[in-house]
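Okay, structure first, notes after.
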Amino acid sequence: MIWILDLLLLLFLVVCAIEVMRTRDLLSAVIIFSSYSLVMAIVWQQLNAPDIAITEAAVGAGITTMLFVAAISKTSRWEE
Amino acid sequence: MTEDIIVKTSARLMTPFIQMFGLYVIFHGHLTPGGGFQGGAIIGASMILLAVVYGLEEGEKRLGHDASTVLESSTLFYALIGLIGIAAGYSFLANRVAGIPVGTPGALFSGGAIFAINIVVGLKVASTGKTLFYALSREERP
């Protein structure tokens, strides 16, 4: 029955990736990318890779999101 | 920097727990999932959280630029630990064969050089994460 959870998580990943590409508001794209990283951490855990899951949660959802937000605050928020 | 009391209070309350979890991941790097890089990234993220909520100057008071420069050079100890193996006549980063005491398997103080290397890498990654964010947000807007 766990495959239903896996399927939902992977579908969420695909939808998130497409939305990051499509959205024009870069701040929204960064937040969507952060949720992508968080779900990706759960997927790594499902793949029996807890090491990578910790890295993904700390670096992907934490540090890169803050670096992206800092970069956006120095440039423009909207894609041209 | 924000004036929101909910954000300020929750960041102040969460930061010690985040840093304690990061230290746990570093110190149990040879026993449980995680290690120097993962724990250091968690500690660096907690410092970024403080800097975002309380402003860059407040974060600079906790860990100044000079202190993080010293922490950055902790990679030197990585090379020194590796050179112990060469000094004993074995390859770089040789652990048990080079005579480093490894302790009982499963105990906290075991693993020999891996324990020390995890701590060094944790310090390096934590200060690098913090310094990256500071360098990026200090730049003047063009």
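Order determines the names: the first chain of the structure tokens is A, the second B, and so forth; residues in each chain are numbered 1 upward, and ligands are numbered 1 upward as they are shown.
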| For chain A against chain B, which residues fall within 8 Å using only C-alpha atoms, given as a PyMOL selection string? | chain A and resi 50-51+54-55+58-59+62-63+66-67+70-71+74-75
Could you give me, as a CSV table (one decimal) with all heavy atoms, in the first residue's frame, each residue of chain A that DSSP assigns to helix (DSSP H, G or I) when run on this structure's backbone?
```csv
chain,number,residue,atom,x,y,z
A,2,ILE,N,2.1,1.1,0.3
A,2,ILE,CA,3.0,2.3,0.4
A,2,ILE,C,3.2,2.9,-0.9
A,2,ILE,O,3.6,4.1,-1.0
A,2,ILE,CB,4.3,1.9,1.1
A,2,ILE,CG1,5.0,3.1,1.7
A,2,ILE,CG2,5.2,1.2,0.2
A,2,ILE,CD1,4.4,3.8,2.9
A,3,TRP,N,3.0,2.1,-2.0
A,3,TRP,CA,3.2,2.7,-3.3
A,3,TRP,C,2.3,3.8,-3.7
A,3,TRP,O,2.6,4.7,-4.5
A,3,TRP,CB,3.2,1.6,-4.4
A,3,TRP,CG,1.8,1.0,-4.6
A,3,TRP,CD1,1.2,-0.1,-3.9
A,3,TRP,CD2,0.8,1.4,-5.5
A,3,TRP,NE1,0.0,-0.3,-4.3
A,3,TRP,CE2,-0.4,0.6,-5.3
A,3,TRP,CE3,0.7,2.5,-6.4
A,3,TRP,CZ2,-1.5,0.8,-6.0
A,3,TRP,CZ3,-0.5,2.6,-7.2
A,3,TRP,CH2,-1.6,1.8,-7.0
A,4,ILE,N,1.1,3.8,-3.0
A,4,ILE,CA,0.2,5.0,-3.2
A,4,ILE,C,0.9,6.3,-2.8
A,4,ILE,O,0.8,7.3,-3.4
A,4,ILE,CB,-1.2,4.7,-2.5
A,4,ILE,CG1,-1.8,3.5,-3.1
A,4,ILE,CG2,-2.1,5.9,-2.7
A,4,ILE,CD1,-3.1,3.1,-2.4
A,5,LEU,N,1.5,6.2,-1.6
A,5,LEU,CA,2.2,7.4,-1.0
A,5,LEU,C,3.3,7.8,-2.0
A,5,LEU,O,3.5,9.0,-2.3
A,5,LEU,CB,2.7,7.1,0.4
A,5,LEU,CG,3.6,8.2,1.0
A,5,LEU,CD1,2.7,9.4,1.3
A,5,LEU,CD2,4.3,7.7,2.2
A,6,ASP,N,4.1,6.8,-2.4
A,6,ASP,CA,5.2,7.1,-3.3
A,6,ASP,C,4.7,7.8,-4.6
A,6,ASP,O,5.3,8.7,-5.1
A,6,ASP,CB,6.0,5.8,-3.6
A,6,ASP,CG,6.7,5.3,-2.5
A,6,ASP,OD1,6.9,6.1,-1.5
A,6,ASP,OD2,7.2,4.2,-2.5
A,7,LEU,N,3.6,7.2,-5.1
A,7,LEU,CA,3.0,7.8,-6.4
A,7,LEU,C,2.6,9.2,-6.2
A,7,LEU,O,2.9,10.1,-7.0
A,7,LEU,CB,1.9,6.9,-6.9
A,7,LEU,CG,1.4,7.1,-8.3
A,7,LEU,CD1,2.4,6.7,-9.3
A,7,LEU,CD2,0.1,6.5,-8.5
A,8,LEU,N,1.9,9.5,-5.0
A,8,LEU,CA,1.5,10.8,-4.8
A,8,LEU,C,2.7,11.8,-4.6
A,8,LEU,O,2.7,12.9,-5.2
A,8,LEU,CB,0.6,10.9,-3.5
A,8,LEU,CG,-0.8,10.3,-3.6
A,8,LEU,CD1,-1.5,10.3,-2.2
A,8,LEU,CD2,-1.6,11.2,-4.5
A,9,LEU,N,3.7,11.3,-3.9
A,9,LEU,CA,4.9,12.2,-3.7
A,9,LEU,C,5.5,12.5,-5.1
A,9,LEU,O,5.9,13.6,-5.4
A,9,LEU,CB,5.9,11.5,-2.8
A,9,LEU,CG,5.5,11.4,-1.3
A,9,LEU,CD1,6.6,10.6,-0.6
A,9,LEU,CD2,5.3,12.7,-0.7
A,10,LEU,N,5.7,11.5,-5.9
A,10,LEU,CA,6.3,11.7,-7.2
A,10,LEU,C,5.5,12.6,-8.1
A,10,LEU,O,6.0,13.4,-8.8
A,10,LEU,CB,6.6,10.3,-7.9
A,10,LEU,CG,7.7,9.5,-7.2
A,10,LEU,CD1,7.8,8.1,-7.8
A,10,LEU,CD2,9.0,10.2,-7.2
A,11,LEU,N,4.1,12.4,-8.1
A,11,LEU,CA,3.3,13.3,-8.8
A,11,LEU,C,3.4,14.7,-8.4
A,11,LEU,O,3.5,15.7,-9.2
A,11,LEU,CB,1.8,12.9,-8.7
A,11,LEU,CG,1.3,11.8,-9.6
A,11,LEU,CD1,-0.1,11.4,-9.3
A,11,LEU,CD2,1.4,12.2,-11.1
A,12,PHE,N,3.5,14.9,-7.0
A,12,PHE,CA,3.7,16.3,-6.5
A,12,PHE,C,5.0,16.9,-7.0
A,12,PHE,O,5.1,18.0,-7.3
A,12,PHE,CB,3.7,16.2,-4.9
A,12,PHE,CG,3.8,17.5,-4.2
A,12,PHE,CD1,2.6,18.2,-4.0
A,12,PHE,CD2,5.0,18.0,-3.8
A,12,PHE,CE1,2.7,19.4,-3.4
A,12,PHE,CE2,5.0,19.2,-3.2
A,12,PHE,CZ,3.9,19.9,-3.0
A,13,LEU,N,6.1,16.0,-7.1
A,13,LEU,CA,7.4,16.5,-7.6
A,13,LEU,C,7.2,17.0,-9.0
A,13,LEU,O,7.8,18.1,-9.4
A,13,LEU,CB,8.4,15.4,-7.5
A,13,LEU,CG,9.0,15.1,-6.1
A,13,LEU,CD1,10.1,14.0,-6.3
A,13,LEU,CD2,9.5,16.3,-5.5
A,14,VAL,N,6.5,16.2,-9.8
A,14,VAL,CA,6.4,16.6,-11.3
A,14,VAL,C,5.6,17.9,-11.4
A,14,VAL,O,6.0,18.8,-12.1
A,14,VAL,CB,5.7,15.5,-12.1
A,14,VAL,CG1,5.4,15.9,-13.4
A,14,VAL,CG2,6.6,14.2,-12.1
A,15,VAL,N,4.5,18.0,-10.6
A,15,VAL,CA,3.7,19.2,-10.7
A,15,VAL,C,4.5,20.4,-10.2
A,15,VAL,O,4.5,21.5,-10.8
A,15,VAL,CB,2.4,19.1,-9.8
A,15,VAL,CG1,1.7,20.4,-9.7
A,15,VAL,CG2,1.5,18.0,-10.5
A,16,CYS,N,5.3,20.3,-9.1
A,16,CYS,CA,6.1,21.3,-8.6
A,16,CYS,C,7.2,21.8,-9.6
A,16,CYS,O,7.4,23.0,-9.8
A,16,CYS,CB,6.9,20.9,-7.3
A,16,CYS,SG,5.9,21.1,-5.9
A,17,ALA,N,7.8,20.8,-10.3
A,17,ALA,CA,8.9,21.1,-11.2
A,17,ALA,C,8.3,21.9,-12.4
A,17,ALA,O,8.9,22.9,-12.9
A,17,ALA,CB,9.6,19.9,-11.7
A,18,ILE,N,7.1,21.5,-12.9
A,18,ILE,CA,6.5,22.2,-14.0
A,18,ILE,C,6.1,23.7,-13.6
A,18,ILE,O,6.3,24.6,-14.3
A,18,ILE,CB,5.3,21.5,-14.5
A,18,ILE,CG1,5.8,20.1,-15.1
A,18,ILE,CG2,4.5,22.3,-15.6
A,18,ILE,CD1,4.7,19.2,-15.6
A,19,GLU,N,5.6,23.8,-12.3
A,19,GLU,CA,5.1,25.1,-11.9
A,19,GLU,C,6.3,26.1,-11.7
A,19,GLU,O,6.2,27.2,-11.9
A,19,GLU,CB,4.3,25.0,-10.6
A,19,GLU,CG,2.9,24.7,-10.8
A,19,GLU,CD,2.2,25.7,-11.7
A,19,GLU,OE1,2.3,26.9,-11.5
A,19,GLU,OE2,1.6,25.2,-12.7
A,20,VAL,N,7.4,25.5,-11.2
A,20,VAL,CA,8.6,26.4,-11.0
A,20,VAL,C,9.1,26.9,-12.4
A,20,VAL,O,9.4,28.1,-12.5
A,20,VAL,CB,9.8,25.5,-10.4
A,20,VAL,CG1,11.1,26.3,-10.5
A,20,VAL,CG2,9.5,25.3,-8.9
A,21,MET,N,8.9,26.1,-13.4
A,21,MET,CA,9.3,26.6,-14.7
A,21,MET,C,8.3,27.6,-15.3
A,21,MET,O,8.7,28.5,-16.0
A,21,MET,CB,9.4,25.3,-15.7
A,21,MET,CG,10.1,25.5,-16.9
A,21,MET,SD,10.2,24.0,-17.8
A,21,MET,CE,8.4,23.7,-18.1
A,22,ARG,N,7.0,27.4,-15.0
A,22,ARG,CA,6.0,28.2,-15.6
A,22,ARG,C,5.8,29.6,-14.9
A,22,ARG,O,5.4,30.6,-15.6
A,22,ARG,CB,4.7,27.5,-15.7
A,22,ARG,CG,4.6,26.5,-16.8
A,22,ARG,CD,3.4,25.6,-16.6
A,22,ARG,NE,2.2,26.3,-16.2
A,22,ARG,CZ,1.3,26.8,-17.1
A,22,ARG,NH1,1.6,26.6,-18.4
A,22,ARG,NH2,0.3,27.5,-16.8
A,26,LEU,N,9.2,35.3,-9.4
A,26,LEU,CA,10.4,34.5,-8.9
A,26,LEU,C,10.3,34.1,-7.5
A,26,LEU,O,10.8,33.1,-7.1
A,26,LEU,CB,11.7,35.2,-9.3
A,26,LEU,CG,12.0,35.4,-10.7
A,26,LEU,CD1,13.2,36.3,-10.9
A,26,LEU,CD2,12.1,34.1,-11.4
A,27,LEU,N,9.7,35.0,-6.6
A,27,LEU,CA,9.6,34.6,-5.2
A,27,LEU,C,8.7,33.4,-5.0
A,27,LEU,O,9.1,32.5,-4.2
A,27,LEU,CB,9.1,35.9,-4.4
A,27,LEU,CG,9.4,35.9,-2.9
A,27,LEU,CD1,10.8,35.8,-2.7
A,27,LEU,CD2,8.8,37.1,-2.3
A,28,SER,N,7.6,33.4,-5.7
A,28,SER,CA,6.7,32.2,-5.7
A,28,SER,C,7.5,31.0,-6.2
A,28,SER,O,7.3,29.9,-5.6
A,28,SER,CB,5.5,32.4,-6.5
A,28,SER,OG,4.8,33.6,-6.1
A,29,ALA,N,8.3,31.1,-7.2
A,29,ALA,CA,9.0,30.0,-7.7
A,29,ALA,C,10.0,29.5,-6.7
A,29,ALA,O,10.1,28.2,-6.6
A,29,ALA,CB,9.8,30.4,-9.0
A,30,VAL,N,10.6,30.4,-5.9
A,30,VAL,CA,11.6,29.9,-4.9
A,30,VAL,C,10.8,29.1,-3.8
A,30,VAL,O,11.3,28.1,-3.3
A,30,VAL,CB,12.3,31.1,-4.3
A,30,VAL,CG1,13.1,30.7,-3.1
A,30,VAL,CG2,13.3,31.6,-5.3
A,31,ILE,N,9.6,29.6,-3.4
A,31,ILE,CA,8.9,28.9,-2.4
A,31,ILE,C,8.4,27.5,-2.9
A,31,ILE,O,8.5,26.6,-2.2
A,31,ILE,CB,7.7,29.8,-1.9
A,31,ILE,CG1,8.2,31.1,-1.4
A,31,ILE,CG2,6.9,29.1,-0.8
A,31,ILE,CD1,9.1,31.0,-0.2
A,32,ILE,N,8.0,27.5,-4.1
A,32,ILE,CA,7.6,26.2,-4.7
A,32,ILE,C,8.8,25.2,-4.8
A,32,ILE,O,8.7,24.1,-4.5
A,32,ILE,CB,7.0,26.4,-6.1
A,32,ILE,CG1,5.7,27.2,-6.0
A,32,ILE,CG2,6.6,25.0,-6.8
A,32,ILE,CD1,5.2,27.6,-7.4
A,33,PHE,N,9.9,25.8,-5.1
A,33,PHE,CA,11.1,25.0,-5.2
A,33,PHE,C,11.5,24.5,-3.8
A,33,PHE,O,12.0,23.3,-3.7
A,33,PHE,CB,12.3,25.8,-5.8
A,33,PHE,CG,13.5,25.0,-6.2
A,33,PHE,CD1,13.4,24.0,-7.1
A,33,PHE,CD2,14.7,25.2,-5.5
A,33,PHE,CE1,14.5,23.2,-7.4
A,33,PHE,CE2,15.8,24.5,-5.9
A,33,PHE,CZ,15.7,23.5,-6.8
A,34,SER,N,11.3,25.3,-2.8
A,34,SER,CA,11.5,24.8,-1.4
A,34,SER,C,10.6,23.7,-1.0
A,34,SER,O,11.1,22.7,-0.4
A,34,SER,CB,11.3,26.0,-0.4
A,34,SER,OG,11.2,25.6,0.9
A,35,SER,N,9.3,23.7,-1.4
A,35,SER,CA,8.5,22.6,-1.1
A,35,SER,C,8.8,21.4,-1.9
A,35,SER,O,8.7,20.2,-1.4
A,35,SER,CB,7.0,23.0,-1.3
A,35,SER,OG,6.8,23.1,-2.7
A,36,TYR,N,9.4,21.6,-3.1
A,36,TYR,CA,9.9,20.5,-3.9
A,36,TYR,C,11.0,19.8,-3.2
A,36,TYR,O,11.0,18.6,-3.1
A,36,TYR,CB,10.4,21.1,-5.3
A,36,TYR,CG,11.1,20.1,-6.2
A,36,TYR,CD1,10.4,19.4,-7.1
A,36,TYR,CD2,12.5,19.9,-6.0
A,36,TYR,CE1,11.1,18.5,-8.0
A,36,TYR,CE2,13.2,19.0,-6.8
A,36,TYR,CZ,12.5,18.3,-7.8
A,36,TYR,OH,13.1,17.5,-8.6
A,37,SER,N,11.9,20.6,-2.6
A,37,SER,CA,13.0,20.0,-1.9
A,37,SER,C,12.6,19.2,-0.7
A,37,SER,O,13.1,18.1,-0.4
A,37,SER,CB,14.0,21.1,-1.4
A,37,SER,OG,14.7,21.6,-2.5
A,38,LEU,N,11.5,19.7,0.0
A,38,LEU,CA,11.0,19.1,1.2
A,38,LEU,C,10.4,17.7,0.9
A,38,LEU,O,10.7,16.7,1.5
A,38,LEU,CB,10.0,20.0,1.9
A,38,LEU,CG,9.8,19.8,3.4
A,38,LEU,CD1,11.1,20.1,4.1
A,38,LEU,CD2,8.7,20.7,3.9
A,39,VAL,N,9.6,17.7,-0.2
A,39,VAL,CA,9.0,16.4,-0.7
A,39,VAL,C,10.1,15.4,-1.2
A,39,VAL,O,10.1,14.2,-1.0
A,39,VAL,CB,7.9,16.6,-1.7
A,39,VAL,CG1,7.4,15.3,-2.3
A,39,VAL,CG2,6.8,17.4,-1.0
A,40,MET,N,11.1,16.0,-1.8
A,40,MET,CA,12.2,15.2,-2.3
A,40,MET,C,13.0,14.5,-1.2
A,40,MET,O,13.4,13.4,-1.3
A,40,MET,CB,13.2,16.1,-3.1
A,40,MET,CG,14.2,15.4,-4.0
A,40,MET,SD,13.4,14.6,-5.3
A,40,MET,CE,14.5,13.2,-5.6
A,41,ALA,N,13.0,15.2,0.0
A,41,ALA,CA,13.7,14.6,1.2
A,41,ALA,C,12.9,13.4,1.6
A,41,ALA,O,13.5,12.3,1.9
A,41,ALA,CB,13.8,15.6,2.3
A,42,ILE,N,11.6,13.4,1.6
A,42,ILE,CA,10.7,12.3,1.9
A,42,ILE,C,11.0,11.2,0.9
A,42,ILE,O,11.0,10.0,1.3
A,42,ILE,CB,9.3,12.7,2.0
A,42,ILE,CG1,9.1,13.8,3.0
A,42,ILE,CG2,8.4,11.5,2.5
A,42,ILE,CD1,7.7,14.4,3.0
A,43,VAL,N,11.1,11.5,-0.4
A,43,VAL,CA,11.3,10.5,-1.4
A,43,VAL,C,12.7,9.8,-1.2
A,43,VAL,O,12.8,8.6,-1.3
A,43,VAL,CB,11.2,11.1,-2.8
A,43,VAL,CG1,11.6,10.1,-3.8
A,43,VAL,CG2,9.8,11.6,-3.0
A,44,TRP,N,13.7,10.6,-0.8
A,44,TRP,CA,15.0,10.0,-0.5
A,44,TRP,C,14.9,9.0,0.6
A,44,TRP,O,15.5,7.9,0.7
A,44,TRP,CB,16.0,11.0,-0.2
A,44,TRP,CG,16.6,11.8,-1.3
A,44,TRP,CD1,16.6,13.2,-1.4
A,44,TRP,CD2,17.2,11.3,-2.5
A,44,TRP,NE1,17.1,13.5,-2.6
A,44,TRP,CE2,17.5,12.4,-3.3
A,44,TRP,CE3,17.5,10.1,-3.0
A,44,TRP,CZ2,18.1,12.3,-4.5
A,44,TRP,CZ3,18.1,9.9,-4.2
A,44,TRP,CH2,18.4,11.1,-5.0
A,45,GLN,N,14.1,9.4,1.7
A,45,GLN,CA,13.9,8.5,2.8
A,45,GLN,C,13.2,7.2,2.4
A,45,GLN,O,13.5,6.1,2.8
A,45,GLN,CB,13.1,9.2,3.9
A,45,GLN,CG,12.7,8.4,5.1
A,45,GLN,CD,13.9,7.8,5.8
A,45,GLN,OE1,14.9,8.5,5.9
A,45,GLN,NE2,13.8,6.6,6.2
A,46,GLN,N,12.2,7.3,1.4
A,46,GLN,CA,11.5,6.1,0.9
A,46,GLN,C,12.5,5.3,0.1
A,46,GLN,O,12.3,4.1,0.0
A,46,GLN,CB,10.4,6.6,0.0
A,46,GLN,CG,9.2,7.1,0.8
A,46,GLN,CD,8.6,6.1,1.7
A,46,GLN,OE1,8.4,5.0,1.3
A,46,GLN,NE2,8.2,6.5,2.9
A,50,PRO,N,18.7,7.8,4.1
A,50,PRO,CA,18.5,8.8,5.1
A,50,PRO,C,19.6,9.9,5.1
A,50,PRO,O,19.3,11.1,5.4
A,50,PRO,CB,18.5,8.1,6.4
A,50,PRO,CG,19.2,6.8,6.1
A,50,PRO,CD,18.9,6.5,4.7
A,51,ASP,N,20.8,9.5,4.7
A,51,ASP,CA,21.9,10.5,4.6
A,51,ASP,C,21.6,11.6,3.7
A,51,ASP,O,21.7,12.8,4.0
A,51,ASP,CB,23.2,9.8,4.1
A,51,ASP,CG,24.3,9.8,5.1
A,51,ASP,OD1,24.1,10.4,6.2
A,51,ASP,OD2,25.3,9.2,4.8
A,52,ILE,N,21.1,11.2,2.5
A,52,ILE,CA,20.8,12.2,1.4
A,52,ILE,C,19.5,13.0,1.8
A,52,ILE,O,19.4,14.2,1.5
A,52,ILE,CB,20.6,11.5,0.1
A,52,ILE,CG1,21.7,10.5,-0.2
A,52,ILE,CG2,20.6,12.5,-1.1
A,52,ILE,CD1,23.0,11.1,-0.3
A,53,ALA,N,18.6,12.3,2.6
A,53,ALA,CA,17.4,13.0,3.0
A,53,ALA,C,17.7,14.2,3.9
A,53,ALA,O,17.2,15.3,3.8
A,53,ALA,CB,16.5,12.0,3.7
A,54,ILE,N,18.7,13.9,4.9
A,54,ILE,CA,19.1,15.0,5.8
A,54,ILE,C,19.7,16.2,5.0
A,54,ILE,O,19.4,17.3,5.2
A,54,ILE,CB,20.0,14.5,6.9
A,54,ILE,CG1,19.3,13.5,7.8
A,54,ILE,CG2,20.5,15.6,7.7
A,54,ILE,CD1,20.3,12.8,8.7
A,55,THR,N,20.6,15.8,4.0
A,55,THR,CA,21.3,16.8,3.3
A,55,THR,C,20.2,17.6,2.5
A,55,THR,O,20.3,18.9,2.4
A,55,THR,CB,22.3,16.2,2.3
A,55,THR,OG1,23.0,15.3,3.0
A,55,THR,CG2,23.2,17.2,1.7
A,56,GLU,N,19.3,16.9,1.8
A,56,GLU,CA,18.3,17.6,1.0
A,56,GLU,C,17.4,18.6,1.9
A,56,GLU,O,17.2,19.7,1.5
A,56,GLU,CB,17.4,16.6,0.3
A,56,GLU,CG,16.4,17.2,-0.6
A,56,GLU,CD,16.9,17.6,-1.9
A,56,GLU,OE1,17.8,16.8,-2.4
A,56,GLU,OE2,16.5,18.6,-2.5
A,57,ALA,N,17.1,18.1,3.1
A,57,ALA,CA,16.2,19.0,3.9
A,57,ALA,C,17.0,20.2,4.4
A,57,ALA,O,16.4,21.3,4.5
A,57,ALA,CB,15.7,18.2,5.1
A,58,ALA,N,18.3,20.0,4.8
A,58,ALA,CA,19.0,21.1,5.3
A,58,ALA,C,19.5,22.1,4.2
A,58,ALA,O,19.4,23.3,4.3
A,58,ALA,CB,20.2,20.6,6.1
A,59,VAL,N,20.1,21.5,3.2
A,59,VAL,CA,20.7,22.4,2.1
A,59,VAL,C,19.6,22.8,1.1
A,59,VAL,O,19.4,24.0,0.8
A,59,VAL,CB,21.8,21.6,1.4
A,59,VAL,CG1,22.3,22.5,0.3
A,59,VAL,CG2,22.9,21.3,2.4
A,60,GLY,N,18.8,21.8,0.6
A,60,GLY,CA,17.8,22.2,-0.4
A,60,GLY,C,16.7,23.1,0.1
A,60,GLY,O,16.4,24.1,-0.6
A,61,ALA,N,16.1,22.7,1.2
A,61,ALA,CA,15.0,23.5,1.7
A,61,ALA,C,15.4,24.7,2.6
A,61,ALA,O,14.7,25.7,2.7
A,61,ALA,CB,14.0,22.6,2.5
A,62,GLY,N,16.6,24.6,3.1
A,62,GLY,CA,17.0,25.7,4.0
A,62,GLY,C,17.9,26.7,3.4
A,62,GLY,O,17.5,27.9,3.2
A,63,ILE,N,19.2,26.3,3.1
A,63,ILE,CA,20.2,27.3,2.7
A,63,ILE,C,20.0,27.8,1.3
A,63,ILE,O,20.0,29.0,1.1
A,63,ILE,CB,21.6,26.6,2.9
A,63,ILE,CG1,21.9,26.4,4.4
A,63,ILE,CG2,22.7,27.5,2.3
A,63,ILE,CD1,23.2,25.8,4.7
A,64,THR,N,19.7,26.9,0.3
A,64,THR,CA,19.6,27.5,-1.0
A,64,THR,C,18.3,28.4,-1.1
A,64,THR,O,18.4,29.4,-1.9
A,64,THR,CB,19.5,26.4,-2.1
A,64,THR,OG1,18.4,25.5,-1.7
A,64,THR,CG2,20.7,25.6,-2.2
A,65,THR,N,17.3,28.1,-0.4
A,65,THR,CA,16.1,29.0,-0.4
A,65,THR,C,16.5,30.4,0.1
A,65,THR,O,16.1,31.4,-0.6
A,65,THR,CB,15.0,28.4,0.4
A,65,THR,OG1,14.7,27.1,0.0
A,65,THR,CG2,13.7,29.2,0.4
A,66,MET,N,17.2,30.4,1.2
A,66,MET,CA,17.6,31.7,1.7
A,66,MET,C,18.6,32.4,0.7
A,66,MET,O,18.5,33.7,0.6
A,66,MET,CB,18.3,31.6,3.1
A,66,MET,CG,17.3,31.3,4.2
A,66,MET,SD,15.7,32.1,4.0
A,66,MET,CE,16.2,33.8,4.0
A,67,LEU,N,19.4,31.7,0.1
A,67,LEU,CA,20.3,32.3,-0.9
A,67,LEU,C,19.6,32.9,-2.1
A,67,LEU,O,19.9,34.0,-2.6
A,67,LEU,CB,21.4,31.3,-1.4
A,67,LEU,CG,22.5,31.0,-0.3
A,67,LEU,CD1,23.5,30.0,-0.9
A,67,LEU,CD2,23.2,32.2,0.2
A,68,PHE,N,18.5,32.1,-2.6
A,68,PHE,CA,17.7,32.6,-3.7
A,68,PHE,C,17.0,33.8,-3.3
A,68,PHE,O,16.9,34.8,-4.1
A,68,PHE,CB,16.7,31.5,-4.1
A,68,PHE,CG,17.3,30.5,-5.0
A,68,PHE,CD1,17.0,29.1,-4.9
A,68,PHE,CD2,18.2,30.8,-6.0
A,68,PHE,CE1,17.5,28.2,-5.7
A,68,PHE,CE2,18.7,29.9,-6.9
A,68,PHE,CZ,18.4,28.6,-6.7
A,69,VAL,N,16.4,33.9,-2.0
A,69,VAL,CA,15.6,35.0,-1.6
A,69,VAL,C,16.6,36.2,-1.5
A,69,VAL,O,16.2,37.4,-1.9
A,69,VAL,CB,14.9,34.7,-0.3
A,69,VAL,CG1,14.4,36.0,0.3
A,69,VAL,CG2,13.8,33.7,-0.5
A,70,ALA,N,17.8,36.0,-1.0
A,70,ALA,CA,18.7,37.1,-0.9
A,70,ALA,C,19.1,37.6,-2.3
A,70,ALA,O,19.2,38.9,-2.5
A,70,ALA,CB,20.0,36.7,-0.2
A,71,ALA,N,19.2,36.7,-3.3
A,71,ALA,CA,19.6,37.1,-4.6
A,71,ALA,C,18.4,37.9,-5.2
A,71,ALA,O,18.6,38.9,-5.9
A,71,ALA,CB,19.9,35.9,-5.5
A,72,ILE,N,17.1,37.5,-5.0
A,72,ILE,CA,16.0,38.2,-5.5
A,72,ILE,C,15.9,39.6,-4.9
A,72,ILE,O,15.5,40.5,-5.6
A,72,ILE,CB,14.7,37.3,-5.3
A,72,ILE,CG1,14.7,36.1,-6.2
A,72,ILE,CG2,13.5,38.2,-5.5
A,72,ILE,CD1,13.6,35.2,-6.0
A,73,SER,N,16.2,39.7,-3.6
A,73,SER,CA,16.1,41.0,-3.0
A,73,SER,C,17.1,42.0,-3.5
A,73,SER,O,16.9,43.2,-3.4
A,73,SER,CB,16.2,40.9,-1.5
A,73,SER,OG,17.6,40.6,-1.2
A,74,LYS,N,18.1,41.5,-4.2
A,74,LYS,CA,19.1,42.4,-4.8
A,74,LYS,C,18.7,42.7,-6.2
A,74,LYS,O,19.2,43.7,-6.8
A,74,LYS,CB,20.5,41.7,-4.8
A,74,LYS,CG,21.0,41.5,-3.4
A,74,LYS,CD,21.2,42.7,-2.6
A,74,LYS,CE,21.5,42.4,-1.2
A,74,LYS,NZ,21.3,43.5,-0.3
```
| For the atom pair CA of Ile86 (chain B) and CA of Leu123 (chain B), what is the interatomic distance in Å to one decimal place? | 24.2 Å
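Note that CA of Ala11 (chain B) and CA of Ser76 (chain A) are 27.5 Å apart.
CA of Ala116 (chain B) is found 14.6 Å from CA of Leu71 (chain B).
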| field | Minimum-distance residue to Gly111 (chain B), chosen among B:Val7, B:Leu31, B:Ala88, B:Ala51 (using only C-alpha atoms) | value |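 Result for the nearest residue to Gly111 (chain B): B:Leu31.
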| task | Could you give me, as a list in words, the residues within 12 Å of Ile84 (chain B), counting only C-alpha atoms and dropping anything in the same chain fewer than 5 positions from it? | result | Phe77, Tyr78, Ala79, Gly89, Tyr90, Ser91, Phe92, Leu93, Ala94, Asn95, Arg96, Val97, Ala98, Gly99, Ile100, Gly112 and Ala113 of chain B
Grab the residues selected above and save them as a short mmCIF file (atom, residue, chain, number, x, y, z; two decimals), in the first residue's frame with C-alpha atoms.
```
data_model
loop_
_atom_site.label_atom_id
_atom_site.label_comp_id
_atom_site.auth_asym_id
_atom_site.auth_seq_id
_atom_site.Cartn_x
_atom_site.Cartn_y
_atom_site.Cartn_z
CA PHE B 77 43.15 20.14 10.81
CA TYR B 78 41.59 17.80 8.23
CA ALA B 79 44.93 17.70 6.41
CA GLY B 89 53.99 4.95 7.26
CA TYR B 90 50.57 4.25 5.75
CA SER B 91 48.34 6.01 3.23
CA PHE B 92 46.68 9.42 3.66
CA LEU B 93 43.80 9.33 6.20
CA ALA B 94 44.82 5.87 7.44
CA ASN B 95 42.85 5.22 10.59
CA ARG B 96 43.27 2.12 12.75
CA VAL B 97 46.41 0.72 11.14
CA ALA B 98 48.20 4.02 11.83
CA GLY B 99 47.73 3.53 15.57
CA ILE B 100 44.81 5.91 16.21
CA GLY B 112 39.19 7.05 15.52
CA ALA B 113 39.96 9.75 12.97
#
```
